[in-house]
$ cat structure.txt   # compact mmCIF, C-alpha atoms and all ligand atoms
# COMPACT_ATOMS: atom_id res chain seq x y z
CA MET D 416 17.75 -39.11 -126.26
CA ALA D 417 14.43 -40.01 -124.57
CA LYS D 418 12.10 -37.08 -123.79
CA LEU D 419 12.49 -35.93 -120.19
CA LEU D 420 9.45 -36.33 -117.96
CA ASN D 421 7.99 -33.14 -116.51
CA PHE D 422 8.43 -32.94 -112.75
CA ALA D 423 5.56 -30.44 -112.44
CA ASN D 424 2.81 -32.61 -113.85
CA ASP D 425 3.88 -36.08 -114.94
CA ILE D 426 3.30 -37.50 -111.45
CA ASP D 427 -0.38 -37.72 -110.66
CA THR D 428 -1.27 -35.98 -107.39
CA GLU D 429 -4.04 -38.47 -106.57
CA HIS D 430 -2.37 -41.65 -107.86
CA PRO D 431 1.39 -41.07 -107.66
CA HIS D 432 2.18 -44.80 -107.43
CA ALA D 433 2.69 -45.48 -111.15
CA GLY D 434 4.70 -42.29 -111.75
CA ILE D 435 7.02 -42.78 -108.78
CA GLU D 436 7.63 -46.46 -109.57
CA ALA D 437 8.34 -45.63 -113.23
CA LEU D 438 10.91 -43.04 -112.14
CA ARG D 439 12.45 -45.39 -109.59
CA ALA D 440 12.91 -48.00 -112.31
CA LEU D 441 15.18 -45.51 -114.12
CA GLY D 442 17.63 -45.23 -111.19
CA PRO D 443 18.12 -43.59 -107.78
CA VAL D 444 18.64 -40.14 -109.35
CA VAL D 445 16.73 -39.22 -112.52
CA PRO D 446 16.88 -36.19 -114.83
CA MET D 447 13.54 -34.44 -115.41
CA LYS D 448 12.42 -31.04 -116.65
CA MET D 449 10.51 -28.33 -114.86
CA PRO D 450 8.74 -25.11 -115.91
CA LEU D 451 11.08 -22.07 -115.62
CA MET D 452 13.93 -24.23 -114.29
CA GLY D 453 14.75 -26.42 -117.29
CA LYS D 454 16.60 -29.64 -116.56
CA ILE D 455 16.68 -30.74 -112.94
CA HIS D 456 17.29 -34.07 -111.16
CA VAL D 457 15.06 -35.96 -108.73
CA THR D 458 15.91 -38.65 -106.16
CA THR D 459 13.79 -41.81 -106.25
CA THR D 460 15.05 -43.90 -103.31
CA TYR D 461 15.29 -43.53 -99.55
CA GLU D 462 19.06 -43.80 -99.64
CA ALA D 463 19.56 -41.15 -102.33
CA THR D 464 17.06 -38.78 -100.67
CA ALA D 465 18.77 -39.17 -97.29
CA ALA D 466 22.19 -38.58 -98.88
CA LEU D 467 20.96 -35.44 -100.64
CA LEU D 468 19.49 -33.99 -97.44
CA THR D 469 22.29 -34.87 -95.05
CA GLN D 470 25.61 -34.77 -96.96
CA ARG D 471 26.32 -31.07 -96.51
CA GLU D 472 29.70 -31.00 -98.15
CA ARG D 473 28.20 -32.42 -101.39
CA PHE D 474 24.81 -30.67 -101.52
CA VAL D 475 24.01 -27.08 -100.54
CA SER D 476 21.14 -24.59 -100.56
CA GLU D 477 22.96 -21.35 -101.41
CA PRO D 478 24.14 -20.77 -105.00
CA LYS D 479 27.34 -19.11 -103.77
CA ASN D 480 28.34 -22.42 -102.12
CA ALA D 481 27.95 -24.20 -105.45
CA GLY D 482 30.16 -21.75 -107.30
CA LYS D 483 27.22 -19.71 -108.67
CA SER D 484 26.23 -16.12 -108.21
CA GLY D 485 22.73 -14.75 -107.85
CA SER D 486 19.46 -15.93 -106.45
CA PRO D 487 18.34 -19.56 -106.02
CA VAL D 488 15.36 -18.87 -108.33
CA PRO D 489 15.92 -18.48 -112.07
CA PHE D 490 13.88 -15.29 -112.49
CA PRO D 491 14.12 -11.80 -110.96
CA LEU D 492 12.24 -11.43 -107.70
CA PRO D 493 10.32 -8.20 -107.04
CA PRO D 494 11.84 -6.12 -104.20
CA SER D 495 8.76 -6.76 -102.04
CA VAL D 496 9.64 -10.47 -101.72
CA ARG D 497 13.43 -10.45 -102.14
CA TYR D 498 13.90 -10.54 -98.37
CA LEU D 499 12.60 -14.13 -98.37
CA MET D 500 16.08 -15.17 -99.50
CA ASP D 501 17.25 -14.08 -96.02
CA GLY D 502 15.24 -16.88 -94.39
CA PHE D 503 17.11 -19.75 -92.76
CA ILE D 504 15.37 -22.30 -94.95
CA GLN D 505 17.49 -20.91 -97.84
CA LYS D 506 20.79 -20.86 -95.96
CA ASP D 507 23.72 -23.20 -95.41
CA GLU D 508 25.81 -23.32 -92.25
CA PRO D 509 26.86 -21.28 -90.39
CA ASP D 510 24.15 -18.72 -91.31
CA HIS D 511 21.40 -21.33 -91.08
CA ARG D 512 22.48 -22.33 -87.56
CA ARG D 513 22.58 -18.73 -86.40
CA LEU D 514 19.05 -17.92 -87.66
CA ARG D 515 17.47 -21.23 -86.69
CA GLY D 516 19.03 -20.78 -83.25
CA PHE D 517 16.90 -17.67 -82.69
CA VAL D 518 13.75 -19.50 -83.73
CA ASP D 519 14.58 -22.64 -81.72
CA LYS D 520 14.99 -20.52 -78.59
CA ALA D 521 11.76 -18.63 -79.22
CA PHE D 522 9.93 -21.89 -80.05
CA ALA D 523 11.15 -23.54 -76.86
CA LYS D 524 9.61 -20.67 -74.88
CA SER D 525 6.21 -20.98 -76.55
CA SER D 526 3.77 -22.92 -74.43
CA VAL D 527 2.92 -26.38 -75.75
CA THR D 528 -0.10 -26.36 -73.46
CA ALA D 529 -1.37 -23.14 -75.03
CA LEU D 530 -0.90 -24.56 -78.54
CA ALA D 531 -2.65 -27.81 -77.62
CA GLU D 532 -5.50 -25.86 -76.04
CA ALA D 533 -5.78 -23.67 -79.14
CA SER D 534 -5.79 -26.78 -81.37
CA TYR D 535 -8.63 -28.38 -79.39
CA ASP D 536 -10.64 -25.15 -78.95
CA HIS D 537 -10.50 -24.24 -82.64
CA SER D 538 -11.22 -27.85 -83.67
CA ILE D 539 -14.33 -27.94 -81.48
CA GLU D 540 -15.62 -24.62 -82.81
CA LEU D 541 -14.98 -25.51 -86.46
CA VAL D 542 -16.27 -29.10 -86.29
CA ASP D 543 -19.50 -27.96 -84.60
CA ARG D 544 -19.94 -25.25 -87.23
CA MET D 545 -19.30 -27.69 -90.10
CA LYS D 546 -21.74 -30.19 -88.69
CA GLY D 547 -24.39 -27.47 -88.38
CA THR D 548 -23.79 -26.22 -91.93
CA ALA D 549 -23.86 -29.77 -93.30
CA GLY D 550 -27.19 -30.31 -91.53
CA GLN D 551 -28.70 -27.30 -93.32
CA ASN D 552 -27.11 -27.75 -96.75
CA GLY D 553 -26.78 -31.51 -97.03
CA GLY D 554 -22.98 -31.33 -97.15
CA VAL D 555 -19.92 -29.26 -96.42
CA ASP D 556 -16.41 -28.83 -97.81
CA TYR D 557 -13.77 -29.86 -95.25
CA LEU D 558 -11.21 -27.49 -96.82
CA THR D 559 -13.23 -24.33 -96.36
CA GLY D 560 -14.89 -25.54 -93.16
CA PHE D 561 -11.86 -26.84 -91.31
CA SER D 562 -8.50 -27.80 -92.79
CA THR D 563 -7.57 -24.39 -94.20
CA LEU D 564 -8.69 -22.50 -91.12
CA MET D 565 -7.53 -24.55 -88.18
CA PRO D 566 -3.74 -24.67 -88.86
CA MET D 567 -3.73 -20.96 -89.73
CA ARG D 568 -5.48 -20.09 -86.46
CA VAL D 569 -2.99 -22.19 -84.46
CA ILE D 570 0.01 -20.65 -86.24
CA SER D 571 -1.46 -17.25 -85.46
CA VAL D 572 -1.60 -18.18 -81.77
CA LEU D 573 2.01 -19.40 -81.99
CA LEU D 574 3.15 -16.16 -83.59
CA GLY D 575 0.99 -13.96 -81.39
CA PHE D 576 -1.28 -12.55 -84.11
CA PRO D 577 -4.60 -11.13 -82.97
CA PRO D 578 -7.71 -12.85 -84.44
CA HIS D 579 -8.44 -10.11 -87.01
CA MET D 580 -5.00 -10.67 -88.59
CA GLN D 581 -5.70 -14.39 -89.06
CA GLU D 582 -8.60 -13.80 -91.43
CA ARG D 583 -6.60 -11.17 -93.32
CA PHE D 584 -3.76 -13.59 -93.83
CA LEU D 585 -6.05 -16.23 -95.20
CA GLU D 586 -7.31 -13.69 -97.72
CA TRP D 587 -3.79 -12.58 -98.73
CA MET D 588 -2.59 -16.13 -99.13
CA LYS D 589 -5.50 -17.24 -101.35
CA PRO D 590 -3.44 -17.19 -104.59
CA LEU D 591 -0.89 -19.47 -102.91
CA ARG D 592 -3.56 -21.99 -101.97
CA GLN D 593 -5.22 -21.86 -105.38
CA MET D 594 -2.00 -22.04 -107.37
CA GLU D 595 -1.73 -24.42 -110.29
CA VAL D 596 1.77 -24.98 -111.67
CA THR D 597 2.14 -22.40 -114.42
CA PRO D 598 4.52 -19.47 -114.79
CA TRP D 599 1.51 -17.13 -114.40
CA GLY D 600 0.54 -18.93 -111.19
CA ILE D 601 4.02 -18.34 -109.79
CA PHE D 602 3.89 -14.62 -110.55
CA ARG D 603 0.45 -14.30 -108.91
CA ILE D 604 1.91 -15.90 -105.82
CA LEU D 605 4.76 -13.43 -105.72
CA GLY D 606 2.15 -10.66 -105.81
CA SER D 607 0.26 -12.07 -102.85
CA VAL D 608 3.46 -12.68 -100.90
CA GLY D 609 4.36 -9.03 -101.49
CA THR D 610 0.98 -7.85 -100.12
CA ALA D 611 1.23 -10.14 -97.11
CA SER D 612 4.80 -8.97 -96.41
CA LYS D 613 3.71 -5.36 -96.20
CA GLY D 614 0.95 -6.42 -93.81
CA ILE D 615 3.36 -8.34 -91.58
CA GLU D 616 5.80 -5.46 -91.57
CA THR D 617 3.24 -2.87 -90.54
CA TRP D 618 1.75 -5.11 -87.92
CA SER D 619 5.07 -6.40 -86.47
CA LYS D 620 5.95 -2.83 -85.49
CA THR D 621 3.07 -2.89 -83.01
CA LEU D 622 4.73 -5.84 -81.26
CA VAL D 623 7.52 -3.87 -79.74
CA ASN D 624 5.63 -3.29 -76.54
CA ALA D 625 5.72 -4.89 -73.14
CA ASP D 626 2.45 -6.83 -73.45
CA ALA D 627 3.19 -8.56 -76.74
CA GLN D 628 2.79 -12.35 -76.65
CA GLY D 629 3.89 -15.19 -78.88
CA LEU D 630 6.89 -16.21 -80.93
CA ILE D 631 7.42 -12.87 -82.67
CA ALA D 632 7.48 -11.10 -79.32
CA GLU D 633 9.99 -13.70 -78.07
CA LEU D 634 12.16 -13.01 -81.11
CA VAL D 635 12.00 -9.29 -80.37
CA ASN D 636 13.02 -10.01 -76.76
CA LEU D 637 15.96 -12.15 -77.88
CA GLN D 638 17.36 -9.09 -79.63
CA GLU D 639 19.19 -7.81 -76.59
CA GLY D 640 22.70 -9.19 -77.20
CA THR D 641 25.20 -8.08 -79.82
CA ASP D 642 23.92 -10.54 -82.46
CA ARG D 643 20.68 -9.07 -83.76
CA LEU D 644 18.23 -10.10 -86.43
CA SER D 645 17.95 -7.61 -89.26
CA ALA D 646 14.48 -6.40 -90.21
CA ASN D 647 14.58 -8.59 -93.32
CA GLU D 648 15.69 -11.65 -91.37
CA MET D 649 12.84 -11.13 -88.93
CA LYS D 650 10.26 -10.79 -91.72
CA ALA D 651 11.67 -13.82 -93.52
CA ILE D 652 11.41 -15.91 -90.33
CA VAL D 653 7.79 -14.91 -89.75
CA PHE D 654 6.86 -15.58 -93.34
CA THR D 655 8.66 -18.93 -93.40
CA LEU D 656 6.72 -20.04 -90.35
CA ILE D 657 3.41 -19.00 -91.87
CA ILE D 658 4.06 -20.72 -95.19
CA ALA D 659 5.77 -23.77 -93.71
CA GLY D 660 3.22 -24.31 -91.00
CA GLY D 661 -0.12 -23.46 -92.58
CA GLU D 662 -0.50 -25.13 -95.97
CA THR D 663 1.46 -28.26 -95.09
CA THR D 664 -0.74 -29.14 -92.13
CA THR D 665 -3.83 -28.51 -94.27
CA HIS D 666 -2.69 -31.20 -96.73
CA LEU D 667 -2.02 -33.67 -93.92
CA LEU D 668 -5.48 -33.13 -92.41
CA ASN D 669 -7.06 -33.50 -95.86
CA GLY D 670 -5.18 -36.74 -96.52
CA ALA D 671 -6.32 -38.14 -93.17
CA LEU D 672 -9.96 -37.22 -93.75
CA TRP D 673 -9.91 -38.55 -97.35
CA TYR D 674 -8.62 -41.87 -96.04
CA LEU D 675 -11.26 -42.07 -93.28
CA LEU D 676 -14.06 -41.24 -95.72
CA LYS D 677 -12.89 -44.02 -98.02
CA HIS D 678 -12.33 -46.47 -95.17
CA PRO D 679 -15.23 -46.25 -92.70
CA GLU D 680 -13.86 -49.34 -90.90
CA MET D 681 -10.75 -47.32 -89.97
CA LYS D 682 -12.95 -44.51 -88.72
CA GLU D 683 -14.81 -46.96 -86.45
CA HIS D 684 -11.52 -48.46 -85.31
CA LEU D 685 -10.12 -45.07 -84.28
CA ARG D 686 -13.36 -44.12 -82.55
CA ALA D 687 -13.14 -47.28 -80.48
CA ASN D 688 -9.36 -47.02 -80.01
CA PRO D 689 -8.36 -43.34 -79.80
CA ALA D 690 -4.95 -44.42 -78.47
CA ASP D 691 -4.20 -45.51 -82.08
CA ILE D 692 -4.61 -41.94 -83.42
CA PRO D 693 -0.90 -40.98 -83.03
CA GLY D 694 0.11 -44.13 -84.96
CA PHE D 695 -2.48 -43.31 -87.62
CA VAL D 696 -1.01 -39.80 -87.98
CA GLU D 697 2.54 -41.14 -88.31
CA GLU D 698 1.60 -43.68 -90.99
CA MET D 699 -0.46 -40.99 -92.75
CA LEU D 700 2.64 -38.76 -92.85
CA ARG D 701 4.54 -41.63 -94.48
CA TRP D 702 1.86 -42.95 -96.82
CA PHE D 703 0.18 -39.70 -97.92
CA CYS D 704 3.29 -37.52 -97.59
CA PRO D 705 1.72 -34.01 -97.69
CA LEU D 706 4.86 -32.44 -99.21
CA THR D 707 6.04 -34.86 -101.86
CA THR D 708 9.21 -32.87 -102.37
CA THR D 709 10.91 -29.97 -100.71
CA LYS D 710 13.14 -27.19 -102.00
CA PRO D 711 15.98 -28.28 -104.31
CA ARG D 712 19.58 -28.68 -103.26
CA LEU D 713 22.51 -27.69 -105.48
CA SER D 714 25.45 -29.89 -106.28
CA ALA D 715 28.43 -28.27 -104.50
CA CYS D 716 30.90 -29.58 -107.12
CA ASP D 717 31.18 -31.75 -110.24
CA GLN D 718 30.42 -35.25 -108.97
CA ASP D 719 28.74 -38.62 -109.56
CA PHE D 720 25.54 -39.18 -107.64
CA GLY D 721 23.19 -42.15 -107.95
CA GLY D 722 24.51 -43.09 -111.37
CA VAL D 723 24.37 -39.62 -112.95
CA ARG D 724 27.09 -37.03 -113.52
CA LEU D 725 26.30 -33.68 -111.89
CA LYS D 726 27.95 -30.34 -112.51
CA ALA D 727 28.49 -27.81 -109.73
CA GLY D 728 25.26 -25.82 -109.37
CA ASP D 729 22.96 -28.52 -110.82
CA MET D 730 19.60 -28.65 -109.08
CA ILE D 731 18.38 -31.85 -107.43
CA PHE D 732 14.95 -32.26 -105.80
CA PRO D 733 14.60 -34.71 -102.91
CA SER D 734 11.46 -36.79 -103.47
CA LEU D 735 10.12 -37.38 -99.98
CA LEU D 736 7.28 -39.49 -101.35
CA ALA D 737 9.72 -41.75 -103.21
CA ALA D 738 11.73 -42.15 -99.98
CA ASN D 739 8.55 -42.99 -98.06
CA THR D 740 7.50 -45.64 -100.55
CA ASP D 741 10.86 -47.34 -101.00
CA GLU D 742 10.47 -51.09 -100.53
CA ALA D 743 14.07 -51.29 -99.31
CA VAL D 744 12.89 -49.60 -96.09
CA PHE D 745 9.09 -50.06 -95.90
CA THR D 746 7.46 -53.44 -96.61
CA ASP D 747 4.50 -53.24 -99.02
CA PRO D 748 5.04 -49.47 -99.09
CA TRP D 749 1.94 -48.33 -100.99
CA THR D 750 -0.36 -49.97 -98.44
CA PHE D 751 -1.52 -47.95 -95.43
CA ASP D 752 -0.65 -50.08 -92.40
CA LEU D 753 -1.73 -48.78 -89.01
CA LYS D 754 0.52 -51.30 -87.27
CA ARG D 755 3.67 -50.60 -89.33
CA SER D 756 6.51 -50.77 -86.83
CA ASN D 757 8.91 -48.38 -88.59
CA ALA D 758 6.45 -45.74 -89.89
CA VAL D 759 8.29 -43.10 -87.86
CA GLN D 760 11.34 -43.51 -90.13
CA HIS D 761 9.38 -41.60 -92.81
CA MET D 762 10.88 -38.51 -94.41
CA ALA D 763 7.71 -36.43 -94.57
CA PHE D 764 9.48 -33.85 -92.39
CA GLY D 765 12.72 -33.93 -94.37
CA SER D 766 16.07 -34.75 -92.79
CA GLY D 767 19.41 -33.13 -91.99
CA ILE D 768 19.91 -29.55 -90.83
CA HIS D 769 16.66 -28.30 -92.43
CA ASN D 770 14.43 -30.93 -90.83
CA CYS D 771 11.01 -29.58 -89.96
CA LEU D 772 11.00 -27.34 -86.94
CA GLY D 773 7.23 -27.63 -86.53
CA ARG D 774 6.94 -31.41 -86.20
CA PRO D 775 5.81 -31.45 -82.53
CA LEU D 776 3.13 -28.89 -83.37
CA VAL D 777 1.91 -30.89 -86.39
CA ARG D 778 1.40 -33.96 -84.23
CA ILE D 779 -0.55 -31.96 -81.65
CA GLU D 780 -2.77 -30.36 -84.32
CA ALA D 781 -3.50 -33.59 -86.19
CA GLN D 782 -4.31 -35.43 -82.96
CA ALA D 783 -6.71 -32.67 -81.87
CA ALA D 784 -8.37 -32.39 -85.30
CA LEU D 785 -9.04 -36.14 -85.53
CA GLU D 786 -10.02 -36.70 -81.91
CA VAL D 787 -12.53 -33.85 -81.98
CA LEU D 788 -14.03 -34.84 -85.34
CA LEU D 789 -14.48 -38.50 -84.34
CA ASP D 790 -15.96 -37.50 -81.00
CA ARG D 791 -18.31 -34.65 -81.99
CA TRP D 792 -19.41 -35.74 -85.45
CA PRO D 793 -19.27 -39.54 -85.31
CA ASP D 794 -21.64 -40.19 -88.24
CA PHE D 795 -19.76 -38.12 -90.85
CA GLN D 796 -19.39 -39.72 -94.26
CA ALA D 797 -18.44 -38.86 -97.85
CA ASP D 798 -20.98 -36.57 -99.54
CA GLU D 799 -21.56 -38.89 -102.49
CA GLY D 800 -24.39 -38.73 -104.99
CA GLY D 801 -24.12 -35.02 -105.90
CA LYS D 802 -23.56 -33.59 -109.40
CA GLU D 803 -19.83 -33.41 -108.75
CA PRO D 804 -17.53 -36.05 -107.25
CA TRP D 805 -17.18 -35.70 -103.47
CA TYR D 806 -13.47 -34.96 -103.70
CA MET D 807 -11.08 -33.51 -106.25
CA PHE D 808 -7.30 -33.31 -106.20
CA LYS D 809 -5.39 -30.37 -107.64
CA ASN D 810 -2.31 -30.52 -109.83
CA THR D 811 0.21 -28.84 -107.58
CA MET D 812 3.84 -29.74 -107.81
CA GLY D 813 5.35 -30.99 -104.60
CA ARG D 814 2.13 -30.88 -102.56
CA ARG D 815 -0.79 -33.27 -102.29
CA SER D 816 -3.52 -30.65 -102.50
CA PHE D 817 -7.24 -31.01 -102.90
CA LYS D 818 -9.70 -28.67 -104.60
CA TRP D 819 -12.47 -29.90 -102.34
CA LEU D 820 -13.39 -32.73 -100.02
CA ARG D 821 -17.12 -32.90 -99.27
CA MET D 822 -18.66 -34.63 -96.29
CA ARG D 823 -22.09 -34.88 -94.63
CA SER D 824 -23.95 -36.64 -91.84
CA ALA D 825 -25.20 -40.20 -92.45
C1 LIG V 1 2.21 -31.73 -92.00
C2 LIG V 1 2.83 -30.62 -91.80
C3 LIG V 1 4.26 -30.33 -92.16
C4 LIG V 1 5.07 -30.97 -93.06
C5 LIG V 1 4.75 -32.17 -93.93
C6 LIG V 1 6.34 -30.26 -93.06
C7 LIG V 1 7.42 -30.63 -93.81
C8 LIG V 1 8.64 -29.98 -93.81
C9 LIG V 1 9.79 -30.37 -94.58
C10 LIG V 1 9.84 -31.52 -95.57
C11 LIG V 1 10.80 -29.51 -94.30
C12 LIG V 1 12.23 -29.54 -94.85
C13 LIG V 1 12.49 -28.46 -95.87
C14 LIG V 1 13.83 -28.64 -96.57
O1 LIG V 1 14.58 -29.57 -96.30
O2 LIG V 1 14.10 -27.84 -97.48
C15 LIG V 1 10.30 -28.56 -93.35
C16 LIG V 1 11.01 -27.50 -92.83
C17 LIG V 1 10.48 -26.57 -91.99
N1 LIG V 1 9.24 -26.61 -91.38
FE1 LIG V 1 7.80 -27.99 -91.65
N2 LIG V 1 6.27 -29.22 -92.17
C18 LIG V 1 5.02 -29.22 -91.60
C19 LIG V 1 4.54 -28.34 -90.65
C20 LIG V 1 5.25 -27.32 -90.11
C21 LIG V 1 4.77 -26.42 -89.08
C22 LIG V 1 3.42 -26.51 -88.39
C23 LIG V 1 5.77 -25.49 -88.87
C24 LIG V 1 5.84 -24.30 -87.96
C25 LIG V 1 5.09 -23.96 -87.05
C26 LIG V 1 6.87 -25.82 -89.75
C27 LIG V 1 8.05 -25.12 -89.83
C28 LIG V 1 9.12 -25.49 -90.61
C29 LIG V 1 10.32 -24.68 -90.72
C30 LIG V 1 10.60 -23.35 -90.03
C31 LIG V 1 11.17 -25.37 -91.59
C32 LIG V 1 12.59 -24.94 -92.04
C33 LIG V 1 13.62 -25.57 -91.16
C34 LIG V 1 15.04 -25.22 -91.58
O3 LIG V 1 15.29 -24.82 -92.73
O4 LIG V 1 15.92 -25.37 -90.72
N3 LIG V 1 6.53 -26.94 -90.48
N4 LIG V 1 8.99 -28.88 -93.04
$ encode --input "structure.txt" --output "structure tokens"
Amino acid sequence: MAKLLNFANDIDTEHPHAGIEALRALGPVVPMKMPLMGKIHVTTTYEATAALLTQRERFVSEPKNAGKSGSPVPFPLPPSVRYLMDGFIQKDEPDHRRLRGFVDKAFAKSSVTALAEASYDHSIELVDRMKGTAGQNGGVDYLTGFSTLMPMRVISVLLGFPPHMQERFLEWMKPLRQMEVTPWGIFRILGSVGTASKGIETWSKTLVNADAQGLIAELVNLQEGTDRLSANEMKAIVFTLIIAGGETTTHLLNGALWYLLKHPEMKEHLRANPADIPGFVEEMLRWFCPLTTTKPRLSACDQDFGGVRLKAGDMIFPSLLAANTDEAVFTDPWTFDLKRSNAVQHMAFGSGIHNCLGRPLVRIEAQAALEVLLDRWPDFQADEGGKEPWYMFKNTMGRRSFKWLRMRSA
């Protein structure tokens, strides 16, 4: 039997084209291997990815619904992070609907105007600071100067965290951002999640007061009826929002800047035509696809899927990048096309019951980040000519992460 490709590192983060097309040539669903998990399957077409994410009777998130006992991860979780399994991202219906219902209600009450204002205000402050630093040092790293900070600050506003907590979170979550795909990397992450959980727990207690603002306070206020969130459910929701909404947006902003630095003509086009920025963001979500895959689904029963035989409990990863680059849906899919008429059909935000809850916020943040950068630092360019290359990708499974992305004034 042919050696299985490794899902963690056989698809190049910078140039995924060859790897994805090679997989697609093998069929719509392909067996691969993965560190700690062993044999898994991956979808390689739009149709198979959509089926995996939407056919709830065939594919589930909770092991118990696939005839298995235990946790969805194949190693013991320390008690400090076990509560994460109570988050709605891990649940099937009806538990998922119940928990997401709380968050949907709280989200609907959060002010879009306040989030847009925060996105613009933080973008202005950070872009001006980066430009100043670049002036003094000859160049600046977009990751440390902007893309890591801005989404975290906006999420903090959404949740109602005071400013001092934002910086602390960034510190706690460092191992997550720096993670390379190794078993040791995964255990370091669990450690940092444990530290951050304790911090959230201590701090959340201060929210039970009349003046508290933000989504956590809304969740606390929704607790008046008979159906109440447990302490673990509450913590899991907060943590899910921080993880889901911080890192992911960082990768999108990085992808957009990388593209503009490589294509100055696009930068000039967007400066002259800011009304095209939303279309640019949508095509960037499709073409760059910040999360190339999301959490696995489990086969609910023994069944055939995309030409392979699955057993109940087998793990299948939906490749969002493969869906977004499927020629059956997107013409000339590996080309970035600002005028693509069906870009919005992309699956960068997933599909089905777990589709991304933060998508309106992402669009607001990306619009603000790009508009402010193009307006306040119009002559930015790639910081070429140094000892190191001006950008470097990182080998992170499922995410298109950079190590750095350096820019300067012309
Ligand atoms: C570019 C940025 C983002 C991308 C690419 C992204 C992508 C995704 C994807 C692919 C999923 C589906 C997960 C699955 O099916 O297992 C998801 C779910 C989710 N996202 Fe996002 N996301 C982004 C930003 C955000 C933001 C800013 C927030 C919150 C403020 C957020 C909150 C969530 C939540 C809570 C879920 C779980 C939904 C559920 O299980 O019902 N995301 N996201």
$ axis_aligned_box --input "structure.txt" --around "ligand LIG 1 (chain V)" --padding-each-side "6 Å" --output "lines of an AutoDock Vina configuration file"
center_x = 9.1
center_y = -27.8
center_z = -92.3
size_x = 25.7
size_y = 20.8
size_z = 22.4
$ residues_around --input "structure.txt" --residues "stretch 518-524 of chain D" --least-positions-apart "3" --cutoff "10 Å" --atoms "only C-alpha atoms" --output "list in words"
Phe503, Arg512, Arg513, Leu514, Arg515, Val527, Leu573, Leu574, Gly629, Leu630, Ile631, Ala632, Glu633, Leu634, Val635, Asn636, Leu637, Met649, Ile652, Val653, Leu656, Leu772 and Gly773 of chain D
$ residues_around --input "structure.txt" --residues "stretch 804-817 of chain D" --least-positions-apart "5" --cutoff "10 Å" --atoms "only C-alpha atoms" --output "VMD selection string"
chain D and resid 422 to 431 449 554 to 558 592 to 597 662 to 663 665 to 667 669 to 670 673 703 to 710 732 734 to 736 797 to 799 822
$ atom_distance --input "structure.txt" --atom1 "atom CA of D:Gly767" --atom2 "atom CA of D:His511"
12.0 Å
$ closest_residue --input "structure.txt" --among "D:Pro748, D:Gly516, D:Gly728, D:Gly721" --to "ligand LIG 1 (chain V)" --atoms "all atoms listed in the file"
D:Gly516
$ decode --input "structure.txt" --residues "stretch 530-541 of chain D" --atoms "C-alpha atoms" --output "PDB file, in the first residue's frame"
ATOM      1  CA  LEU D 530     -17.261  47.355  17.201  1.00  0.00           C
ATOM      2  CA  ALA D 531     -16.783  49.322  13.979  1.00  0.00           C
ATOM      3  CA  GLU D 532     -15.612  52.343  15.968  1.00  0.00           C
ATOM      4  CA  ALA D 533     -13.190  50.170  17.939  1.00  0.00           C
ATOM      5  CA  SER D 534     -11.882  48.626  14.687  1.00  0.00           C
ATOM      6  CA  TYR D 535     -11.203  52.053  13.163  1.00  0.00           C
ATOM      7  CA  ASP D 536      -9.811  53.618  16.363  1.00  0.00           C
ATOM      8  CA  HIS D 537      -7.387  50.761  17.028  1.00  0.00           C
ATOM      9  CA  SER D 538      -6.387  50.604  13.351  1.00  0.00           C
ATOM     10  CA  ILE D 539      -5.559  54.320  13.329  1.00  0.00           C
ATOM     11  CA  GLU D 540      -3.505  54.095  16.525  1.00  0.00           C
ATOM     12  CA  LEU D 541      -1.591  50.996  15.413  1.00  0.00           C
TER      13      LEU D 541
END
